[in-house]
Amino acid sequence: MKTRLISLVLALAMCLSLVLTGCGASEDGEKEVTIGVILYGKDDAFGAAEYAYINSAAEALKAKVIWHLGDYDAESQLKAAENLVASGAEGLLFLPISDNSVELISDYCQKNKVWFQMMNRDIADPVIKENTQANPYYVGTSFEANEAACDYMTEILVKAGRTKLGLGKVPAGSSLSNRNDYYMNAAKKYNATILADYTTPSDGSTQAYVTYMENFKNSYPEMDGLLMSSASGGGGETVLNTLSNLMDPGQIKICSFDTFEGMQAGFDNGWLACLAGGIEIQSLFDFVMLFNAVDGHPLADTYTVLYQKFIFITNSADCENYAKYISNPSYMIYDADTIRSMAVRYNPDCKLQTLLDIMDAYTLESVVKAAEK
């Protein structure tokens, strides 16, 4: 009888162990949070960085990530969301391809009671935006602090004595088109004149930049500065190469969003005044926000919009540090302890402000200082 009792106790202990460790439990016995992530891909620099940051956050928080890569339309992203939830995802983090994908995934999550968080995007359509913000399962989104960046870069040019400017716009309707207006507002604020503008080619043609710069040089020889809303897709490289063939080094000083090949030489040769980049890290904060909600500890009573500060590069030395610490997917800016400090599971005193304070301290100087400790 005594032997049978001991056997029963051992059997119950084994069952309890299986419940704690087998059914999606973490090593400390708490339930493992599973999050599905929808991202267009991880083969370019931006996607690779976001992929690395999210995996780093998941590892620190002992969460499980299920990835779905390679979807480029709203219907495909919805199908990805459905597949991820069917695979066990309790929350969805996604970079929406369009407002339509936001609408579809928001409706799906509300019907199925699934928490969701967007990253790197605002919602342009006012109806979709209002409906999404009314969804009780919408944790929030994040996007770049574009207005502050446009103001800062315009001020840099004006302080350098460059007040007769060209403006490189992104197409109207783009999620980044607010940069166009922010630049124009900043030019007015600092008493600079926008002499002419161009719109970034939507077909990816870099030849268009050659034509734009030739027109600027021929029609506005007094132009001494250029504000660019985007330098991606070869735009930055082409603008620098074209100007180098048209005029003396530094005759036009450039401030732009995005980093690109050859930027260090651009600073050394006097063409560049400032570049804004380094916003991939915001995906880590998005993941943490969603983790807290899924874990039963949302950091806010309603949806939250996070504004990610840019890293500003203003000289050749900054380029080296940027390559070493910011655009290097093998280097993690935040260690596990810092990431866990933003999760209520690991830090009961964590509040939304805890996360916001860490975001606000993000500068190239602070990253380099922490890395050198």
# chains A, B, ... in the order shown; residues from 1 in each chain; ligands from 1
call {"tool": "closest_atom_pairs", "arguments": {"of": "segment 272-299 of chain A", "to": "segment 103-121 of chain A", "cutoff": "7 Å", "atoms": "only C-alpha atoms", "output": "Markdown table"}}
result
| residue | atom | partner | partner_atom | distance |
| --- | --- | --- | --- | --- |
| A:Ser283 | CA | A:Met119 | CA | 6.0 |
| A:Asp286 | CA | A:Met119 | CA | 6.2 |
| A:Leu290 | CA | A:Gln117 | CA | 6.1 |
| A:Val294 | CA | A:Trp115 | CA | 6.5 |
call {"tool": "closest_atom_pairs", "arguments": {"of": "segment 290-325 of chain A", "to": "segment 28-39 of chain A", "cutoff": "12 Å", "atoms": "only C-alpha atoms", "output": "Markdown table"}}
result
| residue | atom | partner | partner_atom | distance |
| --- | --- | --- | --- | --- |
| A:Leu290 | CA | A:Ile35 | CA | 8.3 |
| A:Phe291 | CA | A:Val33 | CA | 7.1 |
| A:Asn292 | CA | A:Val33 | CA | 9.4 |
| A:Ala293 | CA | A:Val33 | CA | 10.2 |
| A:Val294 | CA | A:Val33 | CA | 7.0 |
| A:Asp295 | CA | A:Val33 | CA | 6.6 |
| A:Gly296 | CA | A:Val33 | CA | 10.2 |
call {"tool": "residues_around", "arguments": {"residues": "segment 131-134 of chain A", "least_positions_apart": "5", "cutoff": "9 Å", "atoms": "only C-alpha atoms", "output": "PyMOL selection string"}}
result
chain A and resi 102-103+106-107+123+126+139-140+302-303
call {"tool": "write_last_selection", "arguments": {"atoms": "all heavy atoms", "output": "CSV table (one decimal), in the first residue's frame"}}
result
chain,number,residue,atom,x,y,z
A,102,VAL,N,-4.3,46.7,-42.9
A,102,VAL,CA,-4.6,47.1,-41.6
A,102,VAL,C,-6.1,46.8,-41.3
A,102,VAL,O,-6.4,46.2,-40.3
A,102,VAL,CB,-4.3,48.6,-41.3
A,102,VAL,CG1,-4.7,49.0,-39.9
A,102,VAL,CG2,-2.8,48.9,-41.5
A,103,GLU,N,-6.9,47.2,-42.2
A,103,GLU,CA,-8.3,47.0,-42.0
A,103,GLU,C,-8.7,45.5,-41.9
A,103,GLU,O,-9.4,45.1,-41.0
A,103,GLU,CB,-9.1,47.6,-43.2
A,103,GLU,CG,-10.6,47.5,-43.1
A,103,GLU,CD,-11.3,48.2,-44.3
A,103,GLU,OE1,-10.8,48.1,-45.4
A,103,GLU,OE2,-12.3,48.8,-44.1
A,106,SER,N,-7.2,44.0,-38.7
A,106,SER,CA,-7.9,44.5,-37.5
A,106,SER,C,-9.2,43.8,-37.3
A,106,SER,O,-9.6,43.4,-36.2
A,106,SER,CB,-8.1,46.0,-37.7
A,106,SER,OG,-8.9,46.6,-36.6
A,107,ASP,N,-10.0,43.7,-38.4
A,107,ASP,CA,-11.3,43.0,-38.3
A,107,ASP,C,-11.1,41.6,-37.9
A,107,ASP,O,-11.9,41.1,-37.0
A,107,ASP,CB,-12.0,43.1,-39.7
A,107,ASP,CG,-12.5,44.5,-40.0
A,107,ASP,OD1,-12.5,45.3,-39.1
A,107,ASP,OD2,-12.8,44.7,-41.2
A,123,ILE,N,-1.6,55.1,-40.1
A,123,ILE,CA,-2.8,54.8,-41.0
A,123,ILE,C,-3.2,56.1,-41.7
A,123,ILE,O,-3.6,57.0,-41.0
A,123,ILE,CB,-3.9,54.2,-40.2
A,123,ILE,CG1,-3.4,53.0,-39.3
A,123,ILE,CG2,-5.0,53.7,-41.1
A,123,ILE,CD1,-4.4,52.4,-38.3
A,126,PRO,N,-8.7,57.9,-43.1
A,126,PRO,CA,-9.3,58.3,-41.8
A,126,PRO,C,-10.3,57.3,-41.3
A,126,PRO,O,-10.4,57.2,-40.0
A,126,PRO,CB,-9.9,59.7,-42.1
A,126,PRO,CG,-10.0,59.7,-43.6
A,126,PRO,CD,-8.9,58.9,-44.1
A,139,VAL,N,-3.2,47.2,-29.9
A,139,VAL,CA,-2.2,47.7,-28.9
A,139,VAL,C,-1.7,49.0,-29.3
A,139,VAL,O,-1.5,49.9,-28.5
A,139,VAL,CB,-1.1,46.7,-28.7
A,139,VAL,CG1,-0.1,47.2,-27.6
A,139,VAL,CG2,-1.7,45.3,-28.2
A,140,GLY,N,-1.4,49.2,-30.6
A,140,GLY,CA,-0.9,50.5,-31.1
A,140,GLY,C,0.0,50.3,-32.3
A,140,GLY,O,0.1,49.2,-32.9
A,302,THR,N,-5.6,52.2,-23.6
A,302,THR,CA,-6.0,52.3,-24.9
A,302,THR,C,-4.8,52.1,-25.9
A,302,THR,O,-3.7,51.8,-25.4
A,302,THR,CB,-6.7,53.6,-25.2
A,302,THR,OG1,-7.2,53.7,-26.5
A,302,THR,CG2,-5.8,54.8,-25.0
A,303,TYR,N,-5.0,52.3,-27.2
A,303,TYR,CA,-3.9,52.1,-28.1
A,303,TYR,C,-2.9,53.2,-27.8
A,303,TYR,O,-3.1,54.3,-27.3
A,303,TYR,CB,-4.4,52.2,-29.6
A,303,TYR,CG,-4.9,53.6,-30.0
A,303,TYR,CD1,-4.0,54.5,-30.5
A,303,TYR,CD2,-6.2,54.0,-29.8
A,303,TYR,CE1,-4.3,55.8,-30.9
A,303,TYR,CE2,-6.6,55.3,-30.1
A,303,TYR,CZ,-5.6,56.2,-30.7
A,303,TYR,OH,-6.0,57.4,-31.0
call {"tool": "select_by_dssp", "arguments": {"residues": "segment 43-230 of chain A", "states": "helix (DSSP H, G or I)", "output": "ChimeraX atom specification"}}
result
/A:45-61,74-86,99-112,126-133,146-159,178-189,207-219
call {"tool": "residues_around", "arguments": {"residues": "Glu144 of chain A", "least_positions_apart": "5", "cutoff": "8 Å", "atoms": "only C-alpha atoms", "output": "number ranges by chain"}}
result
A: 120, 279, 307-310
call {"tool": "decode", "arguments": {"residues": "segment 90-104 of chain A", "atoms": "all heavy atoms", "output": "PDB file, in the first residue's frame"}}
result
ATOM      1  N   GLU A  90      -0.677  34.095 -30.156  1.00  0.00           N
ATOM      2  CA  GLU A  90      -1.680  34.772 -29.328  1.00  0.00           C
ATOM      3  C   GLU A  90      -1.734  36.273 -29.608  1.00  0.00           C
ATOM      4  O   GLU A  90      -2.651  36.962 -29.166  1.00  0.00           O
ATOM      5  CB  GLU A  90      -1.353  34.542 -27.857  1.00  0.00           C
ATOM      6  CG  GLU A  90      -1.225  33.089 -27.459  1.00  0.00           C
ATOM      7  CD  GLU A  90      -0.418  32.927 -26.191  1.00  0.00           C
ATOM      8  OE1 GLU A  90       0.827  32.856 -26.273  1.00  0.00           O
ATOM      9  OE2 GLU A  90      -1.054  32.882 -25.119  1.00  0.00           O
ATOM     10  N   GLY A  91      -0.729  36.762 -30.292  1.00  0.00           N
ATOM     11  CA  GLY A  91      -0.663  38.161 -30.670  1.00  0.00           C
ATOM     12  C   GLY A  91       0.011  38.281 -32.016  1.00  0.00           C
ATOM     13  O   GLY A  91       0.819  37.424 -32.391  1.00  0.00           O
ATOM     14  N   LEU A  92      -0.308  39.344 -32.756  1.00  0.00           N
ATOM     15  CA  LEU A  92       0.249  39.542 -34.094  1.00  0.00           C
ATOM     16  C   LEU A  92       0.956  40.884 -34.170  1.00  0.00           C
ATOM     17  O   LEU A  92       0.393  41.925 -33.817  1.00  0.00           O
ATOM     18  CB  LEU A  92      -0.856  39.493 -35.154  1.00  0.00           C
ATOM     19  CG  LEU A  92      -1.572  38.161 -35.336  1.00  0.00           C
ATOM     20  CD1 LEU A  92      -2.753  38.328 -36.300  1.00  0.00           C
ATOM     21  CD2 LEU A  92      -0.624  37.094 -35.858  1.00  0.00           C
ATOM     22  N   LEU A  93       2.191  40.863 -34.641  1.00  0.00           N
ATOM     23  CA  LEU A  93       2.972  42.061 -34.919  1.00  0.00           C
ATOM     24  C   LEU A  93       3.226  42.092 -36.416  1.00  0.00           C
ATOM     25  O   LEU A  93       3.699  41.111 -36.984  1.00  0.00           O
ATOM     26  CB  LEU A  93       4.300  42.009 -34.165  1.00  0.00           C
ATOM     27  CG  LEU A  93       5.318  43.129 -34.426  1.00  0.00           C
ATOM     28  CD1 LEU A  93       4.762  44.482 -33.996  1.00  0.00           C
ATOM     29  CD2 LEU A  93       6.632  42.839 -33.709  1.00  0.00           C
ATOM     30  N   PHE A  94       2.889  43.214 -37.073  1.00  0.00           N
ATOM     31  CA  PHE A  94       3.065  43.226 -38.522  1.00  0.00           C
ATOM     32  C   PHE A  94       3.404  44.609 -39.044  1.00  0.00           C
ATOM     33  O   PHE A  94       3.046  45.629 -38.455  1.00  0.00           O
ATOM     34  CB  PHE A  94       1.811  42.681 -39.230  1.00  0.00           C
ATOM     35  CG  PHE A  94       0.584  43.558 -39.133  1.00  0.00           C
ATOM     36  CD1 PHE A  94       0.115  44.262 -40.236  1.00  0.00           C
ATOM     37  CD2 PHE A  94      -0.127  43.658 -37.947  1.00  0.00           C
ATOM     38  CE1 PHE A  94      -1.022  45.054 -40.158  1.00  0.00           C
ATOM     39  CE2 PHE A  94      -1.273  44.432 -37.865  1.00  0.00           C
ATOM     40  CZ  PHE A  94      -1.718  45.141 -38.972  1.00  0.00           C
ATOM     41  N   LEU A  95       4.164  44.602 -40.136  1.00  0.00           N
ATOM     42  CA  LEU A  95       4.445  45.815 -40.883  1.00  0.00           C
ATOM     43  C   LEU A  95       3.481  45.820 -42.066  1.00  0.00           C
ATOM     44  O   LEU A  95       3.664  45.068 -43.019  1.00  0.00           O
ATOM     45  CB  LEU A  95       5.901  45.839 -41.359  1.00  0.00           C
ATOM     46  CG  LEU A  95       6.461  47.204 -41.786  1.00  0.00           C
ATOM     47  CD1 LEU A  95       7.983  47.143 -41.843  1.00  0.00           C
ATOM     48  CD2 LEU A  95       5.924  47.665 -43.129  1.00  0.00           C
ATOM     49  N   PRO A  96       2.419  46.642 -42.007  1.00  0.00           N
ATOM     50  CA  PRO A  96       1.377  46.571 -43.042  1.00  0.00           C
ATOM     51  C   PRO A  96       1.857  47.048 -44.398  1.00  0.00           C
ATOM     52  O   PRO A  96       2.569  48.045 -44.512  1.00  0.00           O
ATOM     53  CB  PRO A  96       0.272  47.482 -42.491  1.00  0.00           C
ATOM     54  CG  PRO A  96       0.964  48.406 -41.554  1.00  0.00           C
ATOM     55  CD  PRO A  96       2.111  47.629 -40.964  1.00  0.00           C
ATOM     56  N   ILE A  97       1.442  46.324 -45.416  1.00  0.00           N
ATOM     57  CA  ILE A  97       1.746  46.713 -46.787  1.00  0.00           C
ATOM     58  C   ILE A  97       0.924  47.924 -47.195  1.00  0.00           C
ATOM     59  O   ILE A  97       1.376  48.781 -47.959  1.00  0.00           O
ATOM     60  CB  ILE A  97       1.479  45.533 -47.744  1.00  0.00           C
ATOM     61  CG1 ILE A  97       2.504  44.415 -47.495  1.00  0.00           C
ATOM     62  CG2 ILE A  97       1.484  45.967 -49.195  1.00  0.00           C
ATOM     63  CD1 ILE A  97       3.938  44.799 -47.783  1.00  0.00           C
ATOM     64  N   SER A  98      -0.294  48.018 -46.680  1.00  0.00           N
ATOM     65  CA  SER A  98      -1.201  49.106 -47.038  1.00  0.00           C
ATOM     66  C   SER A  98      -2.238  49.275 -45.946  1.00  0.00           C
ATOM     67  O   SER A  98      -2.351  48.450 -45.031  1.00  0.00           O
ATOM     68  CB  SER A  98      -1.906  48.797 -48.367  1.00  0.00           C
ATOM     69  OG  SER A  98      -2.771  47.671 -48.212  1.00  0.00           O
ATOM     70  N   ASP A  99      -3.032  50.348 -46.055  1.00  0.00           N
ATOM     71  CA  ASP A  99      -4.134  50.535 -45.121  1.00  0.00           C
ATOM     72  C   ASP A  99      -5.149  49.404 -45.224  1.00  0.00           C
ATOM     73  O   ASP A  99      -5.801  49.054 -44.236  1.00  0.00           O
ATOM     74  CB  ASP A  99      -4.830  51.873 -45.388  1.00  0.00           C
ATOM     75  CG  ASP A  99      -4.041  53.059 -44.845  1.00  0.00           C
ATOM     76  OD1 ASP A  99      -3.028  52.842 -44.143  1.00  0.00           O
ATOM     77  OD2 ASP A  99      -4.426  54.204 -45.122  1.00  0.00           O
ATOM     78  N   ASN A 100      -5.287  48.839 -46.407  1.00  0.00           N
ATOM     79  CA  ASN A 100      -6.234  47.733 -46.574  1.00  0.00           C
ATOM     80  C   ASN A 100      -5.833  46.532 -45.728  1.00  0.00           C
ATOM     81  O   ASN A 100      -6.690  45.840 -45.166  1.00  0.00           O
ATOM     82  CB  ASN A 100      -6.327  47.317 -48.045  1.00  0.00           C
ATOM     83  CG  ASN A 100      -7.062  48.331 -48.887  1.00  0.00           C
ATOM     84  OD1 ASN A 100      -7.853  49.116 -48.368  1.00  0.00           O
ATOM     85  ND2 ASN A 100      -6.812  48.340 -50.176  1.00  0.00           N
ATOM     86  N   SER A 101      -4.547  46.268 -45.637  1.00  0.00           N
ATOM     87  CA  SER A 101      -4.098  45.147 -44.808  1.00  0.00           C
ATOM     88  C   SER A 101      -4.368  45.433 -43.333  1.00  0.00           C
ATOM     89  O   SER A 101      -4.707  44.522 -42.569  1.00  0.00           O
ATOM     90  CB  SER A 101      -2.619  44.848 -45.051  1.00  0.00           C
ATOM     91  OG  SER A 101      -1.807  45.919 -44.638  1.00  0.00           O
ATOM     92  N   VAL A 102      -4.250  46.696 -42.932  1.00  0.00           N
ATOM     93  CA  VAL A 102      -4.587  47.078 -41.555  1.00  0.00           C
ATOM     94  C   VAL A 102      -6.060  46.784 -41.283  1.00  0.00           C
ATOM     95  O   VAL A 102      -6.413  46.196 -40.253  1.00  0.00           O
ATOM     96  CB  VAL A 102      -4.295  48.568 -41.305  1.00  0.00           C
ATOM     97  CG1 VAL A 102      -4.733  48.967 -39.899  1.00  0.00           C
ATOM     98  CG2 VAL A 102      -2.817  48.874 -41.501  1.00  0.00           C
ATOM     99  N   GLU A 103      -6.901  47.172 -42.210  1.00  0.00           N
ATOM    100  CA  GLU A 103      -8.342  46.967 -42.043  1.00  0.00           C
ATOM    101  C   GLU A 103      -8.685  45.484 -41.931  1.00  0.00           C
ATOM    102  O   GLU A 103      -9.437  45.067 -41.041  1.00  0.00           O
ATOM    103  CB  GLU A 103      -9.086  47.590 -43.224  1.00  0.00           C
ATOM    104  CG  GLU A 103     -10.604  47.469 -43.130  1.00  0.00           C
ATOM    105  CD  GLU A 103     -11.294  48.171 -44.285  1.00  0.00           C
ATOM    106  OE1 GLU A 103     -10.769  48.099 -45.423  1.00  0.00           O
ATOM    107  OE2 GLU A 103     -12.345  48.781 -44.054  1.00  0.00           O
ATOM    108  N   LEU A 104      -8.121  44.678 -42.815  1.00  0.00           N
ATOM    109  CA  LEU A 104      -8.433  43.248 -42.826  1.00  0.00           C
ATOM    110  C   LEU A 104      -7.945  42.560 -41.548  1.00  0.00           C
ATOM    111  O   LEU A 104      -8.673  41.765 -40.935  1.00  0.00           O
ATOM    112  CB  LEU A 104      -7.797  42.584 -44.053  1.00  0.00           C
ATOM    113  CG  LEU A 104      -8.377  42.968 -45.416  1.00  0.00           C
ATOM    114  CD1 LEU A 104      -7.552  42.342 -46.538  1.00  0.00           C
ATOM    115  CD2 LEU A 104      -9.838  42.557 -45.532  1.00  0.00           C
TER     116      LEU A 104
END
